[in-house]
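**Q** Got a file for you: target08.csv, CSV, C-alpha atoms.
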```
chain,number,residue,atom,x,y,z
A,1,MET,CA,7.9,-29.4,24.7
A,2,ARG,CA,6.7,-26.9,27.2
A,3,ALA,CA,5.5,-29.8,29.5
A,4,LEU,CA,8.9,-31.5,29.2
A,5,HIS,CA,10.8,-28.3,29.9
A,6,ALA,CA,8.6,-27.7,33.0
A,7,VAL,CA,9.3,-31.2,34.4
A,8,ALA,CA,13.0,-30.7,33.8
A,9,THR,CA,12.9,-27.4,35.6
A,10,HIS,CA,10.7,-28.3,38.5
A,11,GLY,CA,11.6,-32.0,39.0
A,12,SER,CA,8.2,-33.7,39.0
A,13,VAL,CA,5.0,-33.9,37.0
A,14,ALA,CA,3.0,-32.4,39.9
A,15,ALA,CA,5.3,-29.4,40.2
A,16,ALA,CA,5.3,-28.9,36.4
A,17,ALA,CA,1.5,-29.0,36.4
A,18,GLY,CA,1.4,-26.3,39.1
A,19,ALA,CA,3.8,-24.1,37.1
A,20,LEU,CA,1.8,-24.5,33.9
A,21,HIS,CA,-1.6,-24.1,35.7
A,22,VAL,CA,-2.9,-27.4,34.3
A,23,THR,CA,-3.7,-30.8,35.9
A,24,PRO,CA,-1.0,-33.4,36.4
A,25,SER,CA,-2.9,-35.7,34.1
A,26,GLY,CA,-2.8,-33.0,31.4
A,27,VAL,CA,1.0,-32.9,31.8
A,28,SER,CA,1.2,-36.7,31.6
A,29,GLN,CA,-0.9,-36.8,28.5
A,30,GLN,CA,1.3,-34.2,26.8
A,31,LEU,CA,4.5,-36.1,27.7
A,32,ALA,CA,3.0,-39.4,26.5
A,33,LYS,CA,2.2,-37.8,23.2
A,34,LEU,CA,5.7,-36.3,23.0
A,35,GLU,CA,7.3,-39.8,23.7
A,36,ARG,CA,5.3,-41.3,20.9
A,37,GLU,CA,6.5,-38.6,18.5
A,38,ALA,CA,10.1,-39.0,19.7
A,39,GLY,CA,10.0,-42.8,19.4
A,40,GLN,CA,11.7,-43.4,22.8
A,41,PRO,CA,11.0,-42.9,26.5
A,42,LEU,CA,11.7,-39.4,27.9
A,43,LEU,CA,11.0,-40.1,31.6
A,44,GLU,CA,11.8,-43.0,33.9
A,45,PRO,CA,10.7,-43.7,37.5
A,46,ARG,CA,12.8,-42.5,40.3
A,47,GLY,CA,11.6,-43.3,43.8
A,48,ARG,CA,8.2,-41.8,44.1
A,49,GLY,CA,8.8,-39.4,41.2
A,50,VAL,CA,10.4,-39.4,37.8
A,51,ARG,CA,13.6,-38.2,36.1
A,52,LEU,CA,14.5,-37.5,32.5
A,53,THR,CA,16.1,-40.2,30.4
A,54,LYS,CA,19.1,-39.3,28.3
A,55,ALA,CA,16.8,-38.8,25.4
A,56,GLY,CA,14.6,-36.7,27.6
A,57,GLN,CA,17.6,-34.5,28.7
A,58,VAL,CA,18.6,-34.0,25.1
A,59,LEU,CA,15.1,-33.0,24.1
A,60,ALA,CA,14.7,-30.8,27.1
A,61,GLY,CA,17.8,-28.8,26.1
A,62,HIS,CA,16.2,-28.2,22.7
A,63,ALA,CA,12.9,-27.4,24.3
A,64,GLU,CA,14.6,-24.7,26.4
A,65,ARG,CA,16.1,-23.1,23.3
A,66,ILE,CA,12.9,-23.4,21.3
A,67,LEU,CA,10.8,-21.8,24.0
A,68,ALA,CA,13.3,-19.0,24.4
A,69,GLN,CA,13.1,-18.3,20.7
A,70,VAL,CA,9.3,-18.3,20.8
A,71,ALA,CA,9.4,-15.8,23.7
A,72,ALA,CA,11.8,-13.6,21.7
A,73,ALA,CA,9.5,-13.7,18.7
A,74,LYS,CA,6.6,-12.7,20.8
A,75,ALA,CA,8.6,-9.9,22.3
A,76,ASP,CA,9.6,-8.7,18.8
A,77,LEU,CA,5.9,-8.7,17.7
A,78,GLU,CA,4.9,-6.8,20.8
A,79,LEU,CA,7.6,-4.2,20.0
A,80,LEU,CA,6.2,-3.8,16.5
A,81,ARG,CA,2.7,-3.4,17.9
A,82,GLU,CA,3.8,-0.8,20.4
A,83,ASP,CA,5.7,1.0,17.7
A,84,VAL,CA,2.4,2.1,16.0
A,85,ILE,CA,2.5,5.4,17.8
A,86,GLY,CA,3.9,8.8,17.4
A,87,PRO,CA,4.3,10.8,14.1
A,88,LEU,CA,3.5,9.4,10.7
A,89,ARG,CA,4.1,11.9,7.8
A,90,ILE,CA,2.5,11.1,4.5
A,91,GLY,CA,2.9,12.9,1.1
A,92,ALA,CA,0.5,12.2,-1.7
A,93,ILE,CA,-0.5,13.3,-5.2
A,94,PRO,CA,-3.7,15.4,-5.4
A,95,THR,CA,-6.0,12.7,-6.9
A,96,THR,CA,-5.1,10.3,-4.1
A,97,VAL,CA,-5.5,13.0,-1.5
A,98,HIS,CA,-9.0,13.5,-2.8
A,99,ALA,CA,-10.1,9.9,-3.2
A,100,LEU,CA,-7.7,7.4,-1.5
A,101,LEU,CA,-6.4,9.1,1.6
A,102,PRO,CA,-9.7,9.9,3.4
A,103,PRO,CA,-10.7,6.2,3.9
A,104,ALA,CA,-7.0,5.3,4.6
A,105,LEU,CA,-6.6,8.0,7.3
A,106,ALA,CA,-10.0,7.1,8.8
A,107,ALA,CA,-8.9,3.5,9.1
A,108,LEU,CA,-5.6,4.5,10.7
A,109,ALA,CA,-7.4,6.7,13.3
A,110,ALA,CA,-9.7,3.9,14.2
A,111,GLN,CA,-7.1,1.1,14.4
A,112,HIS,CA,-4.1,3.1,15.8
A,113,PRO,CA,-5.4,6.1,17.8
A,114,ARG,CA,-1.9,6.8,19.1
A,115,LEU,CA,-0.6,7.7,15.7
A,116,ALA,CA,-0.2,11.4,15.0
A,117,VAL,CA,-0.7,11.6,11.2
A,118,THR,CA,0.2,14.6,9.0
A,119,LEU,CA,-0.6,14.8,5.3
A,120,HIS,CA,1.1,16.9,2.7
A,121,GLU,CA,-0.1,17.2,-0.9
A,122,GLY,CA,2.5,17.2,-3.6
A,123,GLU,CA,3.7,15.7,-6.9
A,124,ALA,CA,6.4,13.0,-7.0
A,125,GLU,CA,9.1,15.5,-7.7
A,126,GLN,CA,8.2,17.3,-4.5
A,127,THR,CA,7.5,14.3,-2.1
A,128,MET,CA,10.1,11.8,-3.2
A,129,PRO,CA,13.1,13.9,-2.1
A,130,ARG,CA,11.4,14.5,1.2
A,131,VAL,CA,11.1,10.7,1.7
A,132,LEU,CA,14.8,10.3,0.9
A,133,ALA,CA,15.7,13.1,3.3
A,134,GLY,CA,13.6,11.6,6.1
A,135,ASP,CA,11.1,14.4,6.2
A,136,LEU,CA,8.2,12.1,5.0
A,137,ASP,CA,7.7,8.5,6.0
A,138,VAL,CA,5.5,7.4,3.0
A,139,ALA,CA,4.7,9.0,-0.3
A,140,VAL,CA,1.9,8.1,-2.7
A,141,LEU,CA,2.8,8.8,-6.3
A,142,GLU,CA,2.0,7.9,-9.8
A,143,SER,CA,3.9,6.4,-12.7
A,144,TRP,CA,2.5,6.8,-16.2
A,145,ASN,CA,3.2,4.0,-18.7
A,146,ASP,CA,4.1,6.7,-21.1
A,147,ARG,CA,6.4,8.5,-18.6
A,148,PRO,CA,7.5,6.2,-15.8
A,149,THR,CA,8.6,7.6,-12.5
A,150,VAL,CA,12.2,6.6,-11.7
A,151,LEU,CA,12.6,5.6,-8.1
A,152,PRO,CA,16.0,5.6,-6.3
A,153,PRO,CA,17.3,2.2,-5.2
A,154,SER,CA,17.2,3.5,-1.6
A,155,THR,CA,13.4,3.3,-1.6
A,156,THR,CA,10.9,0.4,-1.4
A,157,ARG,CA,7.9,0.6,-3.8
A,158,ILE,CA,4.5,-0.9,-3.0
A,159,GLU,CA,2.1,-1.1,-6.0
A,160,LEU,CA,-1.4,-0.1,-5.0
A,161,PHE,CA,-3.5,-0.2,-8.2
A,162,SER,CA,-3.7,0.9,-11.8
A,163,ASP,CA,-5.8,3.8,-13.1
A,164,VAL,CA,-6.7,5.1,-16.6
A,165,ALA,CA,-7.1,8.6,-17.9
A,166,ASP,CA,-10.0,9.3,-20.3
A,167,LEU,CA,-10.7,12.1,-22.6
A,168,ALA,CA,-13.0,14.8,-21.5
A,169,LEU,CA,-14.7,16.8,-24.3
A,170,PRO,CA,-17.3,19.5,-24.4
A,171,ALA,CA,-20.7,17.9,-25.0
A,172,GLY,CA,-21.1,19.8,-28.3
A,173,HIS,CA,-17.9,18.7,-29.8
A,174,ARG,CA,-18.0,16.8,-33.1
A,175,LEU,CA,-16.5,13.7,-31.4
A,176,ALA,CA,-18.6,13.8,-28.3
A,177,HIS,CA,-21.0,11.2,-29.5
A,178,ARG,CA,-18.3,8.5,-29.8
A,179,LYS,CA,-17.3,6.0,-27.1
A,180,ALA,CA,-13.6,5.9,-28.0
A,181,VAL,CA,-11.3,8.0,-30.1
A,182,ASP,CA,-7.7,8.1,-31.3
A,183,LEU,CA,-6.2,11.1,-29.6
A,184,SER,CA,-4.8,12.2,-32.9
A,185,GLU,CA,-8.4,13.0,-34.0
A,186,VAL,CA,-8.6,15.8,-31.4
A,187,ASP,CA,-6.8,18.4,-33.4
A,188,ASP,CA,-9.2,21.3,-33.2
A,189,LEU,CA,-9.2,22.1,-29.5
A,190,PRO,CA,-6.8,23.6,-27.0
A,191,TRP,CA,-5.9,21.6,-24.0
A,192,ILE,CA,-6.4,22.1,-20.3
A,193,GLY,CA,-3.6,20.8,-18.0
A,194,TRP,CA,-1.7,21.2,-14.8
A,195,SER,CA,0.7,23.9,-14.0
A,196,ALA,CA,3.7,24.2,-16.3
A,197,GLY,CA,6.8,22.4,-14.9
A,198,SER,CA,4.8,19.8,-13.0
A,199,GLY,CA,5.0,16.1,-13.8
A,200,CYS,CA,1.4,16.0,-15.0
A,201,TYR,CA,2.0,18.9,-17.4
A,202,GLU,CA,5.1,17.2,-18.9
A,203,TRP,CA,3.2,14.0,-19.2
A,204,LEU,CA,0.4,15.7,-21.2
A,205,VAL,CA,2.9,17.4,-23.5
A,206,GLN,CA,4.6,14.0,-24.1
A,207,VAL,CA,1.3,12.2,-24.8
A,208,LEU,CA,0.2,14.9,-27.3
A,209,ARG,CA,3.5,14.9,-29.1
A,210,LYS,CA,3.4,11.1,-29.4
A,211,GLN,CA,0.1,11.5,-31.3
A,212,ARG,CA,1.8,14.2,-33.5
A,213,LEU,CA,-0.5,16.9,-31.9
A,214,GLU,CA,0.7,20.4,-31.2
A,215,PRO,CA,0.6,20.7,-27.3
A,216,ARG,CA,-1.5,23.8,-27.4
A,217,ILE,CA,-2.3,24.2,-23.7
A,218,SER,CA,-4.5,27.2,-23.1
A,219,CYS,CA,-5.2,26.7,-19.4
A,220,THR,CA,-2.9,25.4,-16.6
A,221,VAL,CA,-4.9,24.8,-13.4
A,222,GLY,CA,-4.5,22.6,-10.4
A,223,GLY,CA,-7.4,20.2,-9.7
A,224,TYR,CA,-9.3,18.0,-12.0
A,225,PRO,CA,-12.8,19.3,-10.9
A,226,THR,CA,-11.7,22.7,-12.1
A,227,GLN,CA,-10.4,21.3,-15.4
A,228,LEU,CA,-13.7,19.5,-16.0
A,229,ALA,CA,-15.6,22.8,-15.2
A,230,LEU,CA,-13.5,24.5,-17.9
A,231,VAL,CA,-14.3,21.6,-20.4
A,232,ALA,CA,-18.0,22.1,-19.6
A,233,GLY,CA,-17.5,25.7,-20.5
A,234,ASN,CA,-16.2,24.8,-23.9
A,235,VAL,CA,-12.7,26.1,-23.1
A,236,GLY,CA,-10.9,23.0,-24.3
A,237,ALA,CA,-10.2,19.2,-23.8
A,238,ALA,CA,-8.6,17.5,-20.9
A,239,LEU,CA,-7.2,14.0,-19.9
A,240,VAL,CA,-8.7,13.1,-16.6
A,241,PRO,CA,-7.9,9.9,-14.5
A,242,ARG,CA,-10.9,7.9,-13.4
A,243,LEU,CA,-9.8,8.1,-9.8
A,244,ALA,CA,-10.3,11.9,-10.0
A,245,ARG,CA,-13.9,11.8,-11.2
A,246,ASP,CA,-16.7,11.8,-8.7
A,247,ARG,CA,-19.3,13.7,-10.6
A,248,LEU,CA,-19.3,15.0,-14.1
A,249,PRO,CA,-20.6,18.5,-14.7
A,250,ASP,CA,-23.3,19.0,-17.3
A,251,GLY,CA,-21.8,19.7,-20.6
A,252,VAL,CA,-18.9,17.1,-20.4
A,253,ARG,CA,-18.6,13.8,-22.3
A,254,ILE,CA,-16.0,11.2,-21.4
A,255,LEU,CA,-14.5,9.0,-24.1
A,256,THR,CA,-11.9,6.3,-23.8
A,257,THR,CA,-8.7,6.8,-25.8
A,258,ARG,CA,-6.7,4.7,-28.2
A,259,PRO,CA,-4.1,3.9,-27.0
A,260,ALA,CA,-5.3,3.7,-23.4
A,261,LEU,CA,-3.4,6.0,-21.0
A,262,THR,CA,-2.6,4.0,-17.9
A,263,ARG,CA,-0.8,4.9,-14.7
A,264,THR,CA,0.2,2.9,-11.6
A,265,ILE,CA,-0.3,4.3,-8.2
A,266,HIS,CA,2.6,3.4,-5.8
A,267,ALA,CA,3.4,4.0,-2.2
A,268,ILE,CA,7.1,4.4,-1.4
A,269,CYS,CA,9.2,4.5,1.7
A,270,ARG,CA,12.8,4.4,2.6
A,271,ALA,CA,14.3,0.9,2.0
A,272,GLY,CA,14.0,-1.2,5.2
A,273,GLU,CA,11.3,1.0,6.7
A,274,GLU,CA,8.4,-1.0,5.4
A,275,ASP,CA,8.3,-3.2,8.5
A,276,ARG,CA,8.4,-0.3,11.0
A,277,GLY,CA,5.1,-0.2,12.9
A,278,ALA,CA,3.8,3.1,11.8
A,279,VAL,CA,4.9,2.7,8.2
A,280,ARG,CA,3.5,-0.8,8.0
A,281,ALA,CA,0.2,0.4,9.4
A,282,CYS,CA,0.1,3.1,6.8
A,283,LEU,CA,0.8,0.8,3.9
A,284,ASP,CA,-1.8,-1.7,5.1
A,285,ALA,CA,-4.4,1.1,5.2
A,286,LEU,CA,-3.5,2.3,1.7
A,287,ARG,CA,-3.8,-1.2,0.4
A,288,ALA,CA,-7.2,-1.7,2.0
A,289,ALA,CA,-8.5,1.6,0.6
A,290,SER,CA,-7.1,0.8,-2.9
A,291,ALA,CA,-8.8,-2.6,-2.8
A,292,ARG,CA,-12.2,-1.0,-2.0
A,293,PHE,CA,-11.8,1.4,-5.0
A,294,GLU,CA,-10.9,-1.5,-7.3
A,295,SER,CA,-13.8,-3.6,-6.1
A,296,ALA,CA,-16.2,-0.7,-6.6
A,297,GLY,CA,-15.1,-0.3,-10.2
A,298,ARG,CA,-13.7,3.2,-9.6
A,299,VAL,CA,-10.4,2.3,-11.3
A,300,THR,CA,-9.3,-0.4,-13.6
A,301,GLY,CA,-6.1,-2.3,-14.3
```
If you convert what's in this file into structure tokens, what do you get?

**A**
Amino acid sequence: MRALHAVATHGSVAAAAGALHVTPSGVSQQLAKLEREAGQPLLEPRGRGVRLTKAGQVLAGHAERILAQVAAAKADLELLREDVIGPLRIGAIPTTVHALLPPALAALAAQHPRLAVTLHEGEAEQTMPRVLAGDLDVAVLESWNDRPTVLPPSTTRIELFSDVADLALPAGHRLAHRKAVDLSEVDDLPWIGWSAGSGCYEWLVQVLRKQRLEPRISCTVGGYPTQLALVAGNVGAALVPRLARDRLPDGVRILTTRPALTRTIHAICRAGEEDRGAVRACLDALRAASARFESAGRVTG
């Protein structure tokens, strides 16, 4: 089609070859192939040159429009590529800031050095309103099966991976030798959770009440490493996601729970923003980092 358009524009095979930077025989071969596909002649002799037949004129008109559309598509793609610059503002829950964001941000820095990335730690109740207000471009948040996070219709959700919370017990506890327990059996310890009023605190209260346990929460601290240190000190029990565990301190045993406590990690952005260059690059980096964690067995679905 490009060869036919060049002949129609420049008036001869030789001139078309010069415009396309190929040999005249190369243009002739392309035109012969196009004629076979069209099922009718597209060129006819005219003096020492050629001219388009009626079929050739019709097809050349289509070729012009097709090539213009291809050029427009390339231009749009170039705009998207050039758009991966400037500010990119990310909010994320603490466990993903610790485990997921470092490799994702490293990939963004390597692949898109003109991005200016800022990262803000916060729970969904803090970051989601900022996404809606336009103060953040992307937020990484969690949604527990027992306490789903409700997302406004004006956002787009991208599922990254699933994670599981296990029970952390002091090594000397009567159940510590088990591999799995019903949470209802853990009725003799206080609990260690996040700060009161946070989504993680409310989730813990809800899980315990579902098991008909009194939510006796003796310590409210931010950060799962601190919670695990308190468990090691025989202060209480905690529910800790696998994504949040790098190294267990001495004196802690991890048990799976019945029922399993599962959460999904999502990235969200404003609806329609997912194809904007900087946001798309961020989502791609988060997906890649999530896939590496899953393949390494750090989390489970």

**Q** Could you give me, as a ChimeraX atom specification, the residues within 9 Å of region 190-193 of chain A, counting only C-alpha atoms and dropping anything in the same chain fewer than 6 positions from it?

**A** /A:200-201,204,215-222,224,227-228,230-231,235-239

**Q** So what do you get for CA of Ser28 (chain A) versus CA of Gln69 (chain A), distance-wise?

**A**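 These two atoms are separated by 24.5 Å.
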
**Q** CA of Arg157 (chain A) and CA of Glu202 (chain A) are how many Å apart?

**A**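 Distance reported for this atom pair: 22.6 Å.
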
**Q** So that I can see what lies close to Ala116 (chain A), please list as an MDAnalysis selection string the residues with an atom at most 9 Å from it, counting all atoms listed in the file and leaving out residues fewer than 3 positions away in the same chain.

**A** chainID A and resid 85:89 109 113

**Q** Counting all atoms listed in the file, figure out which residue out of A:His21, A:Arg270, A:Lys54, A:His112 gets nearest to Leu136 (chain A).

**A**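 Going through A:His21, A:Arg270, A:Lys54, A:His112 one by one, the smallest distance to Leu136 (chain A) is for A:Arg270.
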
**Q** Residues at most 12 Å from Ile254 (chain A), counting only C-alpha atoms, excluding those fewer than 5 positions away in the same chain, as a ChimeraX atom specification?

**A** /A:165-171,173,175-181,228,231-232,237-242,245,247-249

**Q** In Å to one decimal, how far is CA of Ala71 (chain A) from CA of Asp284 (chain A)?

**A**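 Pair CA of Asp284 (chain A) / CA of Ala71 (chain A) returns 25.9 Å.
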
**Q** Compare A:Arg130, A:His120, A:His5, A:Arg36 by their minimum atom-to-atom distance to Cys269 (chain A), counting only C-alpha atoms, and give me the closest one.

**A**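 Nearest candidate to Cys269 (chain A) out of A:Arg130, A:His120, A:His5, A:Arg36: A:Arg130.
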
**Q** Closest to Pro129 (chain A) among A:Leu31, A:Val252, A:Ile268, A:Ala16, using all atoms listed in the file?

**A**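 That would be A:Ile268, the residue with the smallest distance to Pro129 (chain A).
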
**Q** Using all atoms listed in the file, which of the listed residues (A:Glu125, A:Glu274, A:Asp182, A:Glu214) sits closest to Thr256 (chain A)?

**A**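 Smallest separation from Thr256 (chain A) among the options: A:Asp182.
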
**Q** Near Arg263 (chain A), within 7 Å and counting all atoms listed in the file, which residues show up once chain neighbours fewer than 6 positions away are dropped, as a VMD selection string?

**A** chain A and resid 142 to 145 162 to 164

**Q** Which residues, written as a list in words, have at least one atom at most 8 Å from region 184-186 of chain A, with all atoms listed in the file counted and residues fewer than 4 positions away on the same chain left out?

**A**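 What passes the distance filter is Leu208, Gln211, Arg212 and Leu213 of chain A.
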
**Q** Between A:Lys210, A:Ala55, A:Arg174, A:Leu283, which residue has the minimum interatomic distance to Glu159 (chain A), considering all atoms listed in the file?

**A**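 The answer is A:Leu283, which sits nearest to Glu159 (chain A).
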
**Q** When distances are computed from all atoms listed in the file, which of A:Asp250, A:Asp146, A:Glu44, A:Glu37 shows the smallest separation from Ser12 (chain A)?

**A** A:Glu44

**Q** Which residues, protein or nucleic acid, reach to within 8 Å of (13.5, -38.2, 36.1) in the file's coordinates when using all atoms listed in the file, and can you give that as a PDB file with C-alpha atoms, keeping the file's coordinate frame?

**A**
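Written out: out_33.pdb:
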```
ATOM      1  CA  ALA A   8      13.000 -30.700  33.800  1.00  0.00           C
ATOM      2  CA  GLY A  11      11.600 -32.000  39.000  1.00  0.00           C
ATOM      3  CA  SER A  12       8.200 -33.700  39.000  1.00  0.00           C
ATOM      4  CA  LEU A  43      11.000 -40.100  31.600  1.00  0.00           C
ATOM      5  CA  GLU A  44      11.800 -43.000  33.900  1.00  0.00           C
ATOM      6  CA  PRO A  45      10.700 -43.700  37.500  1.00  0.00           C
ATOM      7  CA  ARG A  46      12.800 -42.500  40.300  1.00  0.00           C
ATOM      8  CA  GLY A  49       8.800 -39.400  41.200  1.00  0.00           C
ATOM      9  CA  VAL A  50      10.400 -39.400  37.800  1.00  0.00           C
ATOM     10  CA  ARG A  51      13.600 -38.200  36.100  1.00  0.00           C
ATOM     11  CA  LEU A  52      14.500 -37.500  32.500  1.00  0.00           C
ATOM     12  CA  THR A  53      16.100 -40.200  30.400  1.00  0.00           C
TER      13      THR A  53
END
```
